[in-house]
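A.B. asks: The following block contains the structure, expressed as structure tokens.
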Amino acid sequence: MKIQREESFGIIPLSRKNGNWEVFLIQHRGGRYWGFPKGHREPKETALEAASRELKEETNLDCVRLLREKPLEEEYSFHFDRKRILKKVLYFIAEVDGTVHLQKTEINDGTWLPFPEAIEQVTHPEGKAILTEVMRYLEKSL
């Protein structure tokens, strides 16, 4: 079986509501799973530029403030078209602002949720682990 490596970049979009952090989750159209906005890098883009562009394209939200310089890393594999895909995603934690307008060609739905509900809503265990790490980081740092 052929193995293919992929790399994507995303933002974990956060906003303060009534003094508490909330996370914006999206439901991806292809897999119908809940997670975070992400996508591939275009030529000459930095990881943060790619993540910010994908956030804007998929949700219409803008990064207002990076809450941590170093991105979190998620790795997983899946099978597609007779290939095994090894995927690495770098996620930046950022406070965002703007009016949500979903990119309907790629995104089915989106919602703001407090951390406990967001962790429950995220489909894959890797996403749940990342979101738990973000919650712990925010509790210690901010």
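Scheme for the structure tokens: letters A, B, ... for chains in order shown; per-chain residue numbers from 1; ligand numbers from 1 in order shown.
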Write out as a PyMOL selection string which residues come within 7 Å of Gln27 of chain A when counting only C-alpha atoms, dropping same-chain ones fewer than 6 positions away.
C.D. replies: chain A and resi 33-35+107-110
A.B. asks: Can you pull out the residues contacting Glu7 of chain A? Cut-off 8 Å, using only C-alpha atoms, and skip same-chain residues under 6 positions away; I want them as a list in words.
C.D. replies: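 Answer for this query is His40, Lys87, Lys88, Val89 and Leu90 of chain A.
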A.B. asks: Hey, what's within 12 Å of Pro13 of chain A if we count only C-alpha atoms and toss same-chain stuff fewer than 6 positions away? As a PyMOL selection string, please?
C.D. replies: chain A and resi 21-26+35-38+51-52+54-56+58-67+91-98+100+110-115+118+131+134
A.B. asks: Step one, run DSSP on the backbone; step two, keep only residues of chain A assigned to alpha helix (DSSP H); then write them as an MDAnalysis selection string.
C.D. replies: chainID A and resid 47:59 115:121 125:141
A.B. asks: What does the distance from atom CA of Glu120 of chain A to atom CA of Thr132 of chain A come to in Å, to one decimal?
C.D. replies: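 Taking atom CA of Glu120 of chain A and atom CA of Thr132 of chain A, their separation equals 10.4 Å.
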A.B. asks: From the options A:Asp81, A:Lys17, A:Gly10, A:Arg29, which residue's atoms come nearest to Leu48 of chain A, counting only C-alpha atoms?
C.D. replies: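 Checking each of A:Asp81, A:Lys17, A:Gly10, A:Arg29 against Leu48 of chain A, counting only C-alpha atoms, the winner is A:Gly10.
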A.B. asks: If you measure from atom CA of Ser77 of chain A to atom CA of Ile11 of chain A, what distance in Å do you get, rounded to one decimal?
C.D. replies: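 These two atoms are separated by 20.2 Å.
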A.B. asks: Enumerate, as a PyMOL selection string, the complete set of residues in chain A that a backbone-based DSSP assignment places in strand (DSSP E).
C.D. replies: chain A and resi 2-17+20-28+34-35+38-39+62-66+72-80+83-97+107-114
A.B. asks: For Tyr76 of chain A, which residue out of A:His124, A:Lys2, A:Phe9, A:His101 is the nearest one, using only C-alpha atoms?
C.D. replies: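 Nearest to Tyr76 of chain A: A:His124.
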A.B. asks: What does the distance between atom CA of Glu133 of chain A and atom CA of Lys104 of chain A come to in Å, to one decimal place?
C.D. replies: 29.2 Å
